[in-house]
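Shown here: my_file-v2.txt, compact mmCIF, N, CA and C atoms.
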# COMPACT_ATOMS: atom_id res chain seq x y z
N MET A 1329 -215.27 -4.96 -129.89
CA MET A 1329 -214.37 -3.99 -130.51
C MET A 1329 -215.12 -3.27 -131.63
N THR A 1330 -214.85 -2.02 -131.76
CA THR A 1330 -215.49 -1.18 -132.77
C THR A 1330 -214.96 -1.50 -134.16
N LYS A 1331 -215.86 -1.52 -135.10
CA LYS A 1331 -215.50 -1.71 -136.49
C LYS A 1331 -214.88 -0.41 -137.00
N THR A 1332 -213.83 -0.50 -137.81
CA THR A 1332 -213.20 0.68 -138.38
C THR A 1332 -213.75 0.90 -139.78
N PHE A 1333 -214.14 2.12 -140.04
CA PHE A 1333 -214.71 2.45 -141.35
C PHE A 1333 -213.59 2.66 -142.36
N ARG A 1334 -213.70 1.97 -143.48
CA ARG A 1334 -212.75 2.13 -144.58
C ARG A 1334 -213.55 2.32 -145.86
N THR A 1335 -213.17 3.34 -146.61
CA THR A 1335 -213.88 3.56 -147.88
C THR A 1335 -213.28 2.64 -148.93
N ARG A 1336 -214.07 1.73 -149.37
CA ARG A 1336 -213.67 0.80 -150.41
C ARG A 1336 -214.31 1.25 -151.73
N PHE A 1337 -213.87 0.65 -152.82
CA PHE A 1337 -214.36 1.02 -154.14
C PHE A 1337 -215.88 0.91 -154.22
N PHE A 1338 -216.45 -0.18 -153.74
CA PHE A 1338 -217.90 -0.38 -153.87
C PHE A 1338 -218.67 0.64 -153.03
N TYR A 1339 -218.12 1.03 -151.90
CA TYR A 1339 -218.76 2.05 -151.07
C TYR A 1339 -218.76 3.40 -151.80
N ARG A 1340 -217.61 3.77 -152.36
CA ARG A 1340 -217.51 5.04 -153.08
C ARG A 1340 -218.41 5.03 -154.31
N ALA A 1341 -218.42 3.93 -155.05
CA ALA A 1341 -219.27 3.82 -156.25
C ALA A 1341 -220.74 3.89 -155.85
N GLY A 1342 -221.11 3.24 -154.76
CA GLY A 1342 -222.49 3.29 -154.27
C GLY A 1342 -222.89 4.69 -153.87
N ASN A 1343 -221.97 5.42 -153.23
CA ASN A 1343 -222.25 6.81 -152.84
C ASN A 1343 -222.48 7.68 -154.06
N VAL A 1344 -221.66 7.50 -155.09
CA VAL A 1344 -221.80 8.29 -156.32
C VAL A 1344 -223.17 8.02 -156.94
N LEU A 1345 -223.54 6.76 -157.04
CA LEU A 1345 -224.84 6.40 -157.60
C LEU A 1345 -225.99 6.97 -156.75
N PHE A 1346 -225.87 6.87 -155.44
CA PHE A 1346 -226.90 7.37 -154.53
C PHE A 1346 -227.04 8.89 -154.66
N VAL A 1347 -225.92 9.61 -154.76
CA VAL A 1347 -225.96 11.07 -154.94
C VAL A 1347 -226.67 11.41 -156.25
N ILE A 1348 -226.38 10.69 -157.31
CA ILE A 1348 -227.04 10.94 -158.60
C ILE A 1348 -228.55 10.74 -158.47
N LEU A 1349 -228.96 9.65 -157.83
CA LEU A 1349 -230.38 9.37 -157.66
C LEU A 1349 -231.08 10.42 -156.79
N LEU A 1350 -230.42 10.85 -155.71
CA LEU A 1350 -231.00 11.88 -154.85
C LEU A 1350 -231.11 13.21 -155.59
N ARG A 1351 -230.10 13.56 -156.39
CA ARG A 1351 -230.16 14.81 -157.16
C ARG A 1351 -231.29 14.77 -158.19
N ALA A 1352 -231.59 13.56 -158.69
CA ALA A 1352 -232.66 13.41 -159.67
C ALA A 1352 -234.04 13.46 -159.02
N GLY A 1353 -234.07 13.48 -157.70
CA GLY A 1353 -235.35 13.60 -157.01
C GLY A 1353 -235.92 12.30 -156.48
N MET A 1354 -235.13 11.22 -156.48
CA MET A 1354 -235.60 9.96 -155.95
C MET A 1354 -235.93 10.11 -154.46
N PRO A 1355 -237.14 9.74 -154.05
CA PRO A 1355 -237.45 9.83 -152.63
C PRO A 1355 -236.66 8.78 -151.85
N ALA A 1356 -235.99 9.21 -150.80
CA ALA A 1356 -235.15 8.30 -150.01
C ALA A 1356 -235.33 8.58 -148.52
N GLY A 1357 -236.57 8.79 -148.11
CA GLY A 1357 -236.84 9.02 -146.69
C GLY A 1357 -236.11 10.23 -146.17
N PRO A 1358 -235.39 10.06 -145.07
CA PRO A 1358 -234.71 11.21 -144.47
C PRO A 1358 -233.37 11.56 -145.12
N CYS A 1359 -232.93 10.78 -146.10
CA CYS A 1359 -231.63 11.04 -146.73
C CYS A 1359 -231.59 12.38 -147.42
N SER A 1360 -230.52 13.09 -147.20
CA SER A 1360 -230.29 14.39 -147.81
C SER A 1360 -228.90 14.39 -148.43
N LEU A 1361 -228.59 15.46 -149.13
CA LEU A 1361 -227.25 15.66 -149.67
C LEU A 1361 -226.60 16.81 -148.93
N LEU A 1362 -225.40 16.59 -148.45
CA LEU A 1362 -224.62 17.63 -147.79
C LEU A 1362 -223.52 18.04 -148.75
N THR A 1363 -223.51 19.31 -149.13
CA THR A 1363 -222.48 19.83 -150.03
C THR A 1363 -221.64 20.84 -149.27
N VAL A 1364 -220.35 20.56 -149.23
CA VAL A 1364 -219.41 21.40 -148.48
C VAL A 1364 -218.24 21.75 -149.38
N ARG A 1365 -217.74 22.97 -149.26
CA ARG A 1365 -216.60 23.40 -150.06
C ARG A 1365 -215.33 22.79 -149.48
N GLY A 1366 -214.49 22.25 -150.36
CA GLY A 1366 -213.24 21.62 -149.94
C GLY A 1366 -212.29 22.63 -149.32
N ARG A 1367 -211.63 22.23 -148.27
CA ARG A 1367 -210.75 23.16 -147.54
C ARG A 1367 -209.48 23.47 -148.30
N LYS A 1368 -209.06 22.59 -149.20
CA LYS A 1368 -207.85 22.83 -149.99
C LYS A 1368 -208.17 23.23 -151.42
N SER A 1369 -209.07 22.50 -152.04
CA SER A 1369 -209.38 22.74 -153.46
C SER A 1369 -210.39 23.86 -153.66
N GLY A 1370 -211.26 24.07 -152.68
CA GLY A 1370 -212.32 25.06 -152.84
C GLY A 1370 -213.49 24.54 -153.66
N GLN A 1371 -213.38 23.33 -154.16
CA GLN A 1371 -214.44 22.72 -154.97
C GLN A 1371 -215.52 22.12 -154.06
N PRO A 1372 -216.78 22.15 -154.49
CA PRO A 1372 -217.83 21.56 -153.67
C PRO A 1372 -217.77 20.03 -153.70
N HIS A 1373 -217.97 19.43 -152.53
CA HIS A 1373 -218.00 17.98 -152.38
C HIS A 1373 -219.35 17.61 -151.78
N THR A 1374 -220.01 16.61 -152.35
CA THR A 1374 -221.34 16.23 -151.91
C THR A 1374 -221.34 14.79 -151.42
N VAL A 1375 -221.96 14.57 -150.26
CA VAL A 1375 -222.10 13.23 -149.69
C VAL A 1375 -223.55 13.03 -149.26
N PRO A 1376 -224.05 11.79 -149.37
CA PRO A 1376 -225.38 11.51 -148.85
C PRO A 1376 -225.34 11.55 -147.32
N PHE A 1377 -226.43 11.99 -146.73
CA PHE A 1377 -226.40 12.24 -145.31
C PHE A 1377 -227.78 12.12 -144.69
N ILE A 1378 -227.86 11.74 -143.42
CA ILE A 1378 -229.13 11.70 -142.70
C ILE A 1378 -229.02 12.63 -141.49
N PRO A 1379 -229.54 13.85 -141.60
CA PRO A 1379 -229.56 14.72 -140.42
C PRO A 1379 -230.63 14.22 -139.45
N ILE A 1380 -230.46 14.48 -138.16
CA ILE A 1380 -231.48 14.08 -137.21
C ILE A 1380 -232.06 15.30 -136.52
N GLU A 1381 -233.25 15.14 -136.00
CA GLU A 1381 -233.92 16.21 -135.25
C GLU A 1381 -234.09 15.79 -133.81
N GLN A 1382 -233.89 16.75 -132.93
CA GLN A 1382 -234.09 16.52 -131.50
C GLN A 1382 -234.42 17.86 -130.86
N ASP A 1383 -235.49 17.91 -130.12
CA ASP A 1383 -235.90 19.12 -129.40
C ASP A 1383 -236.00 20.33 -130.32
N GLY A 1384 -236.54 20.14 -131.52
CA GLY A 1384 -236.72 21.25 -132.46
C GLY A 1384 -235.46 21.72 -133.15
N GLN A 1385 -234.36 21.06 -132.92
CA GLN A 1385 -233.08 21.40 -133.56
C GLN A 1385 -232.71 20.29 -134.54
N ARG A 1386 -231.85 20.62 -135.50
CA ARG A 1386 -231.33 19.63 -136.42
C ARG A 1386 -229.83 19.50 -136.23
N TRP A 1387 -229.33 18.28 -136.46
CA TRP A 1387 -227.94 17.97 -136.19
C TRP A 1387 -227.33 17.13 -137.30
N LEU A 1388 -226.04 17.32 -137.52
CA LEU A 1388 -225.25 16.47 -138.40
C LEU A 1388 -224.32 15.67 -137.50
N VAL A 1389 -224.32 14.35 -137.65
CA VAL A 1389 -223.46 13.49 -136.85
C VAL A 1389 -222.50 12.76 -137.79
N ALA A 1390 -221.25 12.68 -137.41
CA ALA A 1390 -220.23 11.99 -138.20
C ALA A 1390 -220.05 10.58 -137.63
N PRO A 1391 -220.83 9.59 -138.09
CA PRO A 1391 -220.78 8.27 -137.49
C PRO A 1391 -219.50 7.49 -137.77
N TYR A 1392 -218.72 7.93 -138.74
CA TYR A 1392 -217.48 7.23 -139.07
C TYR A 1392 -216.25 7.99 -138.59
N GLY A 1393 -216.45 8.96 -137.72
CA GLY A 1393 -215.33 9.70 -137.16
C GLY A 1393 -214.98 10.94 -137.97
N VAL A 1394 -213.75 11.37 -137.83
CA VAL A 1394 -213.30 12.59 -138.50
C VAL A 1394 -212.86 12.22 -139.92
N VAL A 1395 -213.82 12.29 -140.83
CA VAL A 1395 -213.58 11.98 -142.24
C VAL A 1395 -213.47 13.29 -143.01
N GLN A 1396 -213.28 13.22 -144.33
CA GLN A 1396 -213.00 14.42 -145.12
C GLN A 1396 -214.11 15.49 -145.03
N TRP A 1397 -215.38 15.07 -145.10
CA TRP A 1397 -216.43 16.09 -145.05
C TRP A 1397 -216.43 16.81 -143.71
N VAL A 1398 -216.02 16.13 -142.63
CA VAL A 1398 -215.94 16.78 -141.31
C VAL A 1398 -214.82 17.82 -141.32
N ARG A 1399 -213.67 17.47 -141.86
CA ARG A 1399 -212.55 18.42 -141.94
C ARG A 1399 -212.94 19.64 -142.78
N ASN A 1400 -213.62 19.38 -143.90
CA ASN A 1400 -214.06 20.48 -144.75
C ASN A 1400 -215.07 21.37 -144.04
N LEU A 1401 -216.01 20.75 -143.34
CA LEU A 1401 -217.05 21.51 -142.65
C LEU A 1401 -216.47 22.32 -141.48
N ARG A 1402 -215.50 21.78 -140.80
CA ARG A 1402 -214.84 22.52 -139.71
C ARG A 1402 -214.19 23.79 -140.24
N THR A 1403 -213.64 23.71 -141.45
CA THR A 1403 -212.99 24.87 -142.06
C THR A 1403 -214.02 25.85 -142.63
N ALA A 1404 -214.97 25.33 -143.40
CA ALA A 1404 -215.94 26.20 -144.08
C ALA A 1404 -217.00 26.76 -143.14
N ARG A 1405 -217.45 25.95 -142.21
CA ARG A 1405 -218.52 26.29 -141.26
C ARG A 1405 -219.86 26.60 -141.91
N THR A 1406 -219.94 26.45 -143.22
CA THR A 1406 -221.20 26.59 -143.94
C THR A 1406 -221.29 25.46 -144.95
N ALA A 1407 -222.51 25.16 -145.36
CA ALA A 1407 -222.73 24.09 -146.33
C ALA A 1407 -224.11 24.28 -146.95
N THR A 1408 -224.45 23.37 -147.84
CA THR A 1408 -225.79 23.34 -148.42
C THR A 1408 -226.37 21.97 -148.13
N LEU A 1409 -227.59 21.96 -147.63
CA LEU A 1409 -228.29 20.72 -147.34
C LEU A 1409 -229.45 20.62 -148.32
N THR A 1410 -229.51 19.54 -149.10
CA THR A 1410 -230.54 19.37 -150.12
C THR A 1410 -231.37 18.14 -149.80
N HIS A 1411 -232.69 18.34 -149.76
CA HIS A 1411 -233.61 17.23 -149.51
C HIS A 1411 -234.77 17.35 -150.49
N ASN A 1412 -235.01 16.28 -151.26
CA ASN A 1412 -236.08 16.29 -152.26
C ASN A 1412 -236.00 17.50 -153.19
N ARG A 1413 -234.82 17.76 -153.70
CA ARG A 1413 -234.55 18.87 -154.65
C ARG A 1413 -234.71 20.26 -154.04
N ARG A 1414 -234.91 20.35 -152.75
CA ARG A 1414 -235.02 21.65 -152.10
C ARG A 1414 -233.74 21.87 -151.29
N SER A 1415 -233.04 22.95 -151.60
CA SER A 1415 -231.76 23.24 -150.95
C SER A 1415 -231.89 24.37 -149.96
N GLU A 1416 -231.08 24.28 -148.92
CA GLU A 1416 -230.99 25.38 -147.96
C GLU A 1416 -229.53 25.55 -147.56
N HIS A 1417 -229.15 26.80 -147.41
CA HIS A 1417 -227.81 27.11 -146.94
C HIS A 1417 -227.84 27.04 -145.41
N ILE A 1418 -226.80 26.42 -144.87
CA ILE A 1418 -226.74 26.26 -143.42
C ILE A 1418 -225.40 26.71 -142.88
N SER A 1419 -225.42 27.05 -141.63
CA SER A 1419 -224.23 27.34 -140.87
C SER A 1419 -224.18 26.27 -139.78
N VAL A 1420 -223.00 25.84 -139.37
CA VAL A 1420 -222.91 24.80 -138.35
C VAL A 1420 -222.02 25.23 -137.20
N THR A 1421 -222.34 24.67 -136.05
CA THR A 1421 -221.54 24.88 -134.84
C THR A 1421 -221.23 23.51 -134.27
N GLU A 1422 -219.96 23.21 -134.07
CA GLU A 1422 -219.59 21.91 -133.51
C GLU A 1422 -219.83 21.92 -132.00
N LEU A 1423 -220.41 20.84 -131.51
CA LEU A 1423 -220.75 20.74 -130.10
C LEU A 1423 -219.59 20.18 -129.29
N ASP A 1424 -219.56 20.56 -128.01
CA ASP A 1424 -218.58 19.95 -127.12
C ASP A 1424 -219.10 18.56 -126.71
N ASN A 1425 -218.27 17.78 -126.03
CA ASN A 1425 -218.61 16.39 -125.70
C ASN A 1425 -219.88 16.27 -124.88
N ARG A 1426 -220.07 17.13 -123.92
CA ARG A 1426 -221.24 17.07 -123.04
C ARG A 1426 -222.52 17.30 -123.84
N GLU A 1427 -222.50 18.31 -124.72
CA GLU A 1427 -223.67 18.62 -125.54
C GLU A 1427 -223.93 17.53 -126.58
N ALA A 1428 -222.86 16.95 -127.11
CA ALA A 1428 -222.99 15.96 -128.18
C ALA A 1428 -223.53 14.62 -127.67
N ALA A 1429 -223.36 14.32 -126.40
CA ALA A 1429 -223.72 13.00 -125.87
C ALA A 1429 -225.18 12.63 -126.13
N SER A 1430 -226.11 13.53 -125.84
CA SER A 1430 -227.53 13.20 -126.03
C SER A 1430 -227.88 13.07 -127.51
N VAL A 1431 -227.24 13.87 -128.35
CA VAL A 1431 -227.48 13.78 -129.80
C VAL A 1431 -226.95 12.46 -130.33
N LEU A 1432 -225.77 12.04 -129.87
CA LEU A 1432 -225.20 10.76 -130.30
C LEU A 1432 -226.11 9.60 -129.89
N LYS A 1433 -226.64 9.66 -128.70
CA LYS A 1433 -227.54 8.60 -128.23
C LYS A 1433 -228.78 8.54 -129.12
N GLN A 1434 -229.37 9.68 -129.41
CA GLN A 1434 -230.54 9.74 -130.28
C GLN A 1434 -230.20 9.21 -131.67
N TYR A 1435 -229.04 9.59 -132.18
CA TYR A 1435 -228.61 9.16 -133.51
C TYR A 1435 -228.49 7.63 -133.56
N LEU A 1436 -227.87 7.05 -132.55
CA LEU A 1436 -227.69 5.61 -132.52
C LEU A 1436 -229.03 4.87 -132.43
N MET A 1437 -230.00 5.48 -131.77
CA MET A 1437 -231.33 4.88 -131.68
C MET A 1437 -232.06 4.95 -133.02
N GLN A 1438 -231.85 6.03 -133.78
CA GLN A 1438 -232.56 6.22 -135.05
C GLN A 1438 -231.89 5.54 -136.23
N ILE A 1439 -230.57 5.54 -136.27
CA ILE A 1439 -229.83 5.06 -137.43
C ILE A 1439 -229.07 3.78 -137.05
N GLY A 1440 -229.73 2.66 -137.13
CA GLY A 1440 -229.17 1.39 -136.67
C GLY A 1440 -227.98 0.89 -137.46
N ILE A 1441 -227.86 1.26 -138.71
CA ILE A 1441 -226.80 0.73 -139.56
C ILE A 1441 -225.39 1.11 -139.09
N VAL A 1442 -225.28 2.17 -138.30
CA VAL A 1442 -223.95 2.63 -137.86
C VAL A 1442 -223.53 2.03 -136.52
N ARG A 1443 -224.36 1.23 -135.89
CA ARG A 1443 -224.05 0.67 -134.56
C ARG A 1443 -222.69 -0.03 -134.47
N PRO A 1444 -222.27 -0.80 -135.50
CA PRO A 1444 -220.98 -1.48 -135.38
C PRO A 1444 -219.78 -0.53 -135.25
N TYR A 1445 -219.96 0.74 -135.58
CA TYR A 1445 -218.86 1.69 -135.53
C TYR A 1445 -218.75 2.40 -134.18
N PHE A 1446 -219.65 2.11 -133.27
CA PHE A 1446 -219.66 2.72 -131.94
C PHE A 1446 -219.27 1.69 -130.88
N ASP A 1447 -218.59 2.14 -129.84
CA ASP A 1447 -218.24 1.27 -128.72
C ASP A 1447 -219.35 1.20 -127.67
N VAL A 1448 -220.39 2.00 -127.84
CA VAL A 1448 -221.49 2.01 -126.88
C VAL A 1448 -222.74 1.44 -127.56
N THR A 1449 -223.68 1.02 -126.72
CA THR A 1449 -224.96 0.56 -127.25
C THR A 1449 -225.98 1.67 -127.09
N LYS A 1450 -227.09 1.55 -127.78
CA LYS A 1450 -228.11 2.60 -127.72
C LYS A 1450 -228.71 2.75 -126.33
N ASP A 1451 -228.57 1.74 -125.48
CA ASP A 1451 -229.13 1.78 -124.13
C ASP A 1451 -228.13 2.25 -123.08
N ALA A 1452 -226.93 2.60 -123.48
CA ALA A 1452 -225.88 3.02 -122.53
C ALA A 1452 -226.25 4.34 -121.85
N LEU A 1453 -225.62 4.59 -120.73
CA LEU A 1453 -225.83 5.84 -120.00
C LEU A 1453 -225.28 7.02 -120.79
N LEU A 1454 -225.84 8.19 -120.52
CA LEU A 1454 -225.41 9.41 -121.21
C LEU A 1454 -223.93 9.69 -120.94
N SER A 1455 -223.45 9.36 -119.75
CA SER A 1455 -222.03 9.60 -119.42
C SER A 1455 -221.12 8.75 -120.31
N THR A 1456 -221.59 7.57 -120.70
CA THR A 1456 -220.81 6.72 -121.60
C THR A 1456 -220.74 7.35 -122.98
N PHE A 1457 -221.85 7.93 -123.43
CA PHE A 1457 -221.85 8.63 -124.72
C PHE A 1457 -220.94 9.85 -124.68
N GLU A 1458 -220.88 10.51 -123.53
CA GLU A 1458 -220.01 11.68 -123.40
C GLU A 1458 -218.54 11.29 -123.58
N SER A 1459 -218.15 10.14 -123.07
CA SER A 1459 -216.76 9.70 -123.24
C SER A 1459 -216.49 9.23 -124.67
N GLU A 1460 -217.54 8.84 -125.39
CA GLU A 1460 -217.42 8.40 -126.78
C GLU A 1460 -217.43 9.59 -127.76
N ALA A 1461 -217.97 10.71 -127.33
CA ALA A 1461 -218.20 11.88 -128.19
C ALA A 1461 -216.97 12.43 -128.92
N PRO A 1462 -215.77 12.42 -128.34
CA PRO A 1462 -214.63 12.98 -129.09
C PRO A 1462 -214.36 12.28 -130.42
N ARG A 1463 -214.80 11.04 -130.56
CA ARG A 1463 -214.55 10.27 -131.79
C ARG A 1463 -215.57 10.55 -132.88
N TYR A 1464 -216.73 11.15 -132.52
CA TYR A 1464 -217.82 11.34 -133.47
C TYR A 1464 -218.32 12.78 -133.43
N PRO A 1465 -217.76 13.65 -134.25
CA PRO A 1465 -218.18 15.06 -134.24
C PRO A 1465 -219.68 15.23 -134.49
N VAL A 1466 -220.26 16.18 -133.79
CA VAL A 1466 -221.68 16.52 -133.94
C VAL A 1466 -221.76 18.02 -134.19
N PHE A 1467 -222.56 18.40 -135.20
CA PHE A 1467 -222.72 19.80 -135.58
C PHE A 1467 -224.19 20.19 -135.48
N GLN A 1468 -224.44 21.34 -134.89
CA GLN A 1468 -225.79 21.88 -134.86
C GLN A 1468 -226.01 22.68 -136.13
N ILE A 1469 -227.17 22.46 -136.77
CA ILE A 1469 -227.51 23.14 -138.02
C ILE A 1469 -228.28 24.41 -137.72
N THR A 1470 -227.86 25.51 -138.34
CA THR A 1470 -228.59 26.78 -138.27
C THR A 1470 -228.83 27.25 -139.70
N PRO A 1471 -230.11 27.41 -140.09
CA PRO A 1471 -230.38 27.91 -141.45
C PRO A 1471 -229.82 29.32 -141.64
N VAL A 1472 -229.37 29.62 -142.86
CA VAL A 1472 -228.85 30.93 -143.19
C VAL A 1472 -229.71 31.50 -144.30
N ASN A 1473 -230.13 32.76 -144.16
CA ASN A 1473 -230.95 33.37 -145.22
C ASN A 1473 -230.07 33.80 -146.40
N ASP A 1474 -230.67 34.35 -147.43
CA ASP A 1474 -229.95 34.70 -148.66
C ASP A 1474 -228.89 35.78 -148.45
N GLN A 1475 -229.00 36.59 -147.42
CA GLN A 1475 -228.01 37.63 -147.17
C GLN A 1475 -226.86 37.13 -146.30
N GLY A 1476 -226.86 35.81 -145.98
CA GLY A 1476 -225.78 35.25 -145.19
C GLY A 1476 -225.98 35.38 -143.70
N LYS A 1477 -227.17 35.78 -143.26
CA LYS A 1477 -227.44 35.92 -141.84
C LYS A 1477 -228.18 34.70 -141.33
N ARG A 1478 -227.88 34.32 -140.07
CA ARG A 1478 -228.57 33.20 -139.45
C ARG A 1478 -230.01 33.58 -139.17
N ARG A 1479 -230.89 32.60 -139.36
CA ARG A 1479 -232.30 32.83 -139.04
C ARG A 1479 -232.64 32.41 -137.65
Full structure transcribed into structure tokens:
Amino acid sequence: MTKTFRTRFFYRAGNVLFVILLRAGMPAGPCSLLTVRGRKSGQPHTVPFIPIEQDGQRWLVAPYGVVQWVRNLRTARTATLTHNRRSEHISVTELDNREAASVLKQYLMQIGIVRPYFDVTKDALLSTFESEAPRYPVFQITPVNDQGKRR
């Protein structure tokens, strides 16, 4: 059975501390900061994040399902991705289940800590990942230049 993600006090406090350290320039491997404007408040919200690369593209995967940053990103469709104090404005496109399946498989192979939240194993067939995809939104990242145009 899949583990259900619940944000507890220690998780939230750890995220706040991690965001502070990443903003200060602490090297943390592939970890980045995703800043998205809130869909109701309009205020920016920042979460630590690990984007993945596959076939020359970059992707954002929601390993804990449809959480607040996913809802905000679906509404805003733009965000800021910061890695090692270098920020870039991005535009995102949510993938359909068929397209998301291979990205989810790659994500599960790269980011082992999220395995308990998935009903599939990293060795499962792509068709199994396709049936799992509705629970885990996947977004394709497209850089946006300063004039708001996609590159």
Here's a test: counting only C-alpha atoms, identify every protein, DNA and RNA residue with an atom at most 9 Å from (-230.3, 19.2, -129.3) in the file's coordinate frame, and state them as a list in words. Glu1381, Gln1382, Asp1383, Gly1384, Gln1385, Arg1386, Trp1387, Glu1427, Ala1428, Ser1430, Val1431 and Gln1468 of chain A
So how many Å separate atom CA of Phe1457 of chain A and atom CA of Ala1429 of chain A, to one decimal? 4.9 Å
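The coordinates place atom N of Glu1460 of chain A at 8.1 Å from atom N of Asp1447 of chain A.
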Please report the interatomic distance between atom N of Arg1365 of chain A and atom CA of Ala1407 of chain A in Å with one decimal.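 Interatomic distance here is 5.9 Å.
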Running DSSP on the backbone, which parts of segment 1343-1431 of chain A land in alpha helix (DSSP H), as a PDB file with N, CA and C atoms, in the coordinates of the input?
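Saved file states.pdb follows:
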ATOM      1  N   ASN A1343    -221.970   5.420-153.230  1.00  0.00           N
ATOM      2  CA  ASN A1343    -222.250   6.810-152.840  1.00  0.00           C
ATOM      3  C   ASN A1343    -222.480   7.680-154.060  1.00  0.00           C
ATOM      4  N   VAL A1344    -221.660   7.500-155.090  1.00  0.00           N
ATOM      5  CA  VAL A1344    -221.800   8.290-156.320  1.00  0.00           C
ATOM      6  C   VAL A1344    -223.170   8.020-156.940  1.00  0.00           C
ATOM      7  N   LEU A1345    -223.540   6.760-157.040  1.00  0.00           N
ATOM      8  CA  LEU A1345    -224.840   6.400-157.600  1.00  0.00           C
ATOM      9  C   LEU A1345    -225.990   6.970-156.750  1.00  0.00           C
ATOM     10  N   PHE A1346    -225.870   6.870-155.440  1.00  0.00           N
ATOM     11  CA  PHE A1346    -226.900   7.370-154.530  1.00  0.00           C
ATOM     12  C   PHE A1346    -227.040   8.890-154.660  1.00  0.00           C
ATOM     13  N   VAL A1347    -225.920   9.610-154.760  1.00  0.00           N
ATOM     14  CA  VAL A1347    -225.960  11.070-154.940  1.00  0.00           C
ATOM     15  C   VAL A1347    -226.670  11.410-156.250  1.00  0.00           C
ATOM     16  N   ILE A1348    -226.380  10.690-157.310  1.00  0.00           N
ATOM     17  CA  ILE A1348    -227.040  10.940-158.600  1.00  0.00           C
ATOM     18  C   ILE A1348    -228.550  10.740-158.470  1.00  0.00           C
ATOM     19  N   LEU A1349    -228.960   9.650-157.830  1.00  0.00           N
ATOM     20  CA  LEU A1349    -230.380   9.370-157.660  1.00  0.00           C
ATOM     21  C   LEU A1349    -231.080  10.420-156.790  1.00  0.00           C
ATOM     22  N   LEU A1350    -230.420  10.850-155.710  1.00  0.00           N
ATOM     23  CA  LEU A1350    -231.000  11.880-154.850  1.00  0.00           C
ATOM     24  C   LEU A1350    -231.110  13.210-155.590  1.00  0.00           C
ATOM     25  N   ARG A1351    -230.100  13.560-156.390  1.00  0.00           N
ATOM     26  CA  ARG A1351    -230.160  14.810-157.160  1.00  0.00           C
ATOM     27  C   ARG A1351    -231.290  14.770-158.190  1.00  0.00           C
ATOM     28  N   GLN A1396    -213.280  13.220-144.330  1.00  0.00           N
ATOM     29  CA  GLN A1396    -213.000  14.420-145.120  1.00  0.00           C
ATOM     30  C   GLN A1396    -214.110  15.490-145.030  1.00  0.00           C
ATOM     31  N   TRP A1397    -215.380  15.070-145.100  1.00  0.00           N
ATOM     32  CA  TRP A1397    -216.430  16.090-145.050  1.00  0.00           C
ATOM     33  C   TRP A1397    -216.430  16.810-143.710  1.00  0.00           C
ATOM     34  N   VAL A1398    -216.020  16.130-142.630  1.00  0.00           N
ATOM     35  CA  VAL A1398    -215.940  16.780-141.310  1.00  0.00           C
ATOM     36  C   VAL A1398    -214.820  17.820-141.320  1.00  0.00           C
ATOM     37  N   ARG A1399    -213.670  17.470-141.860  1.00  0.00           N
ATOM     38  CA  ARG A1399    -212.550  18.420-141.940  1.00  0.00           C
ATOM     39  C   ARG A1399    -212.940  19.640-142.780  1.00  0.00           C
ATOM     40  N   ASN A1400    -213.620  19.380-143.900  1.00  0.00           N
ATOM     41  CA  ASN A1400    -214.060  20.480-144.750  1.00  0.00           C
ATOM     42  C   ASN A1400    -215.070  21.370-144.040  1.00  0.00           C
ATOM     43  N   LEU A1401    -216.010  20.750-143.340  1.00  0.00           N
ATOM     44  CA  LEU A1401    -217.050  21.510-142.650  1.00  0.00           C
ATOM     45  C   LEU A1401    -216.470  22.320-141.480  1.00  0.00           C
ATOM     46  N   ARG A1402    -215.500  21.780-140.800  1.00  0.00           N
ATOM     47  CA  ARG A1402    -214.840  22.520-139.710  1.00  0.00           C
ATOM     48  C   ARG A1402    -214.190  23.790-140.240  1.00  0.00           C
ATOM     49  N   THR A1403    -213.640  23.710-141.450  1.00  0.00           N
ATOM     50  CA  THR A1403    -212.990  24.870-142.060  1.00  0.00           C
ATOM     51  C   THR A1403    -214.020  25.850-142.630  1.00  0.00           C
ATOM     52  N   ALA A1404    -214.970  25.330-143.400  1.00  0.00           N
ATOM     53  CA  ALA A1404    -215.940  26.200-144.080  1.00  0.00           C
ATOM     54  C   ALA A1404    -217.000  26.760-143.140  1.00  0.00           C
ATOM     55  N   ASN A1425    -218.270  17.780-126.030  1.00  0.00           N
ATOM     56  CA  ASN A1425    -218.610  16.390-125.700  1.00  0.00           C
ATOM     57  C   ASN A1425    -219.880  16.270-124.880  1.00  0.00           C
ATOM     58  N   ARG A1426    -220.070  17.130-123.920  1.00  0.00           N
ATOM     59  CA  ARG A1426    -221.240  17.070-123.040  1.00  0.00           C
ATOM     60  C   ARG A1426    -222.520  17.300-123.840  1.00  0.00           C
ATOM     61  N   GLU A1427    -222.500  18.310-124.720  1.00  0.00           N
ATOM     62  CA  GLU A1427    -223.670  18.620-125.540  1.00  0.00           C
ATOM     63  C   GLU A1427    -223.930  17.530-126.580  1.00  0.00           C
ATOM     64  N   ALA A1428    -222.860  16.950-127.110  1.00  0.00           N
ATOM     65  CA  ALA A1428    -222.990  15.960-128.180  1.00  0.00           C
ATOM     66  C   ALA A1428    -223.530  14.620-127.670  1.00  0.00           C
ATOM     67  N   ALA A1429    -223.360  14.320-126.400  1.00  0.00           N
ATOM     68  CA  ALA A1429    -223.720  13.000-125.870  1.00  0.00           C
ATOM     69  C   ALA A1429    -225.180  12.630-126.130  1.00  0.00           C
ATOM     70  N   SER A1430    -226.110  13.530-125.840  1.00  0.00           N
ATOM     71  CA  SER A1430    -227.530  13.200-126.030  1.00  0.00           C
ATOM     72  C   SER A1430    -227.880  13.070-127.510  1.00  0.00           C
ATOM     73  N   VAL A1431    -227.240  13.870-128.350  1.00  0.00           N
ATOM     74  CA  VAL A1431    -227.480  13.780-129.800  1.00  0.00           C
ATOM     75  C   VAL A1431    -226.950  12.460-130.330  1.00  0.00           C
TER      76      VAL A1431
END
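The shortest atom-to-atom distance to His1411 of chain A, with all atoms listed in the file taken into account, belongs to A:Leu1362 out of A:Leu1362, A:Val1472, A:Val1466, A:Val1394.
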